[in-house]
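Engineer: A single structure is presented below for examination.
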Amino acid sequence: MEDAELAAAVARGDTGAEAELYRRLAPRVRLYGLRHLRDRHAAADLVQHVMMTTLERLRAGGVREPGKIASFVLGMSRMTVLEMRRGAARRADLLEKWVPAAAGMTDEEAAPEVETRVMEEARLAECLQKLAERERSVLVLSFYGDKSADEAGRELALAPGNVRVIRHRALEKMRGCMGLA
Amino acid sequence: MRPFAELVEYWFGEREDEALEEHLFGCAECTARLEELAALGAGIRSAFRRGALHAVLPRAFVERLEREGLKLRQYRVAAGESVNCTITGEDDFVVSRLQAPLGGVARLDLVLQASDGEAHTLHDVPFDPAAGEVLVIPSPERLRARGPFTERARLVSVGAGGARDLGEYTFVHKPS
């Protein structure tokens with residue numbers, strides 16, 4: 001079923017469609033949150049707020065174009081991230097306002113675990129150790145240090161384009177080694 | 001589906017592209033690839049933090065670890081010097097700071113030879129020519145698992161004219 005059909009089913013009160021829509025869209029909101037907030041707890045807050053608001057609006061017929069539900073959720077995510085950036089206190093207010101008001105849902109229904117892929121630790125470390133030194137350094141700087149190619153380049157005395165090439169090659173090797181490619 | 005390289009650049013904030021973001025939100029395959037990237041990133045952070053990796057990293061990164069409140073045991077060693085070293089239960093990382101004149105060096109290899117039989121050549125290690133030092137972070141997990149050993153580290157400049165030793169450094173390691 002397309003997202004749009006699911007959204008229309010939610011508007012008709014189909015609870016099975018709600019669960020499916022959540023399953024599809026919550027990971028996208030979570031990724032958006034991780035990308036823009038760089039904090040998994042903040043990303044989880046974002047998922048709760050955006051998905052609860054979306055489902056409430058759909059149920060109440062408050063989404064003008066259910067056919068564009070993905071755009072609606074993206075817009076809501078953008079707005080919420082802007083609000084969350086205005087401060088932790090404001091974020092707490094939002095959660096207080098929206099999470100308990102999840103229209104009669106139990107806590108578990110209101111915030112089901114968004115599936116997170118967990119990499120096998122030992123294998124991942126082994127794959128990382130097989131990389132060339134520069135590749136491992138760039139990945140550690142990128143993911144642990146949270147550095148863009150420009151920033152990593154400045155620290156390593158490399159051109160940003162060079163960092164992108166090394167990063168890309170390293171990620172492809174990791175995907176291959178982890179059996180993801 | 002968008003190319004993986006584009007997704008990676010988006011992830012690191014190198015692309016602020018609303019149309020791309022709109023596409024990602026509607027693309028299940030792109031979502032799956034981004035989830036994979038996020039999981040890899042989380043795995044890399046976790047592997048480094050728990051001490052499973054060795055790495056050669058820039059000074060700014062080591063300073064950041066200190067600012068995070070991590071306990072670093074650091075050994076600054078000049079070429080030709082020897083140092084007694086260890087890692088304790090309280091240490092998060094050990095940092096070997098190998099001092100060397102790096103101006104004009106195009107490529108740098110690090111040759112490691114330990115008395116317990118471990119030997120590696122780390123080819124083309126990253127370095128900042130202006131820094132005057134190479135910062136090596138051995139895997140704390142691995143260090144803790146080893147008994148006493150003496151390791152000789154040799155920095156080798158590799159260029160069109162061949163290889164040239166920049167310095168040798170000796171680490172006499174004893175478990176604490």
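As shown in the structure tokens, the chain order sets the letters A, B, ...; within each chain, residues go from 1, and ligands are also counted from 1 in the order they appear.
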Find the residues around Ala60 in chain B up to 7 Å (only C-alpha atoms counted), leave out those fewer than 3 positions away in its own chain, and share them as a list in words.
Structural biologist: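 Contacts, in chain order: Glu155 of chain A; Glu63 and Arg64 of chain B.
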Engineer: So that I have them on file, write out the residues from the current selection with N, CA and C atoms, as an mmCIF file, in the first residue's frame.
Structural biologist:
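Dumped everything to result28.cif:
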```cif
data_model
loop_
_atom_site.group_PDB
_atom_site.id
_atom_site.type_symbol
_atom_site.label_atom_id
_atom_site.label_comp_id
_atom_site.auth_asym_id
_atom_site.auth_seq_id
_atom_site.Cartn_x
_atom_site.Cartn_y
_atom_site.Cartn_z
ATOM 1 N N GLU A 155 42.155 19.428 9.847
ATOM 2 C CA GLU A 155 42.906 18.766 10.926
ATOM 3 C C GLU A 155 43.969 17.809 10.402
ATOM 4 N N GLU B 63 42.914 16.716 21.656
ATOM 5 C CA GLU B 63 42.488 17.802 22.557
ATOM 6 C C GLU B 63 40.992 17.714 22.840
ATOM 7 N N ARG B 64 40.256 17.309 21.818
ATOM 8 C CA ARG B 64 38.810 17.168 22.004
ATOM 9 C C ARG B 64 38.507 16.050 23.010
#
```
Engineer: Determine which residues of chain A sit within 8 Å of chain B, taking into account only C-alpha atoms, and present them as a PyMOL selection string.
Structural biologist: chain A and resi 27-28+31+35+70-71+74+116-119+121+124-125+128-129+132-134+136-137+139-149+155-157+168
Engineer: From the set A:Val138, A:Met52, A:Ala122, A:Ala8, which residue has the shortest atom-to-atom contact distance to Val165 in chain A, counting only C-alpha atoms?
Structural biologist: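 Ranking A:Val138, A:Met52, A:Ala122, A:Ala8 by distance to Val165 in chain A, first place goes to A:Val138.
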Engineer: Which residue out of A:Val29, A:Ala170, A:Leu37, A:Leu131 has the minimum interatomic distance to Arg86 in chain A when only C-alpha atoms are used?
Structural biologist: A:Leu37
Engineer: If we count only C-alpha atoms, what is near Ala79 in chain B at a cut-off of 10 Å, once residues fewer than 2 positions away on the same chain are taken out, given as a list in words?
Structural biologist: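 Here the answer would be Val77, Glu81, Ser82, Leu98, Gln99, Ala100, Pro101, Ala153, Arg154, Leu155, Leu166, Gly167, Glu168, Tyr169 and Thr170 of chain B.
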Engineer: Please identify all polymer residues within 10 Å of range 15-18 of chain A, counting only C-alpha atoms, omitting same-chain residues fewer than 2 positions from it, and present them as a list of chain:residue names.
Structural biologist: A:Met1, A:Asp3, A:Glu5, A:Leu6, A:Ala7, A:Ala8, A:Ala9, A:Val10, A:Ala11, A:Arg12, A:Gly13, A:Glu20, A:Leu21, A:Tyr22, A:Arg23, A:Arg24, A:Met51, A:Leu55, A:Leu58, A:Arg59
Engineer: Within 12 Å of Gly179 in chain A, counting only C-alpha atoms, which residues show up once you throw out same-chain ones fewer than 2 positions away? Write them as a ChimeraX atom specification, please.
Structural biologist: /A:119-120,123-124,127,172-177,181 /B:36
Engineer: Quick one: distance from CA of Phe171 in chain B to CA of Lys71 in chain B in Å, one decimal?
Structural biologist: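 Computing it gives 19.8 Å between the two atoms.
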Engineer: Got a sec to tell me which of chain A DSSP assigns to helix (DSSP H, G or I), as a count of residues only?
Structural biologist: 135
Engineer: Please, what distance in Å, to one decimal, runs between CA of Val83 in chain B and CA of Val136 in chain B?
Structural biologist: 14.7 Å
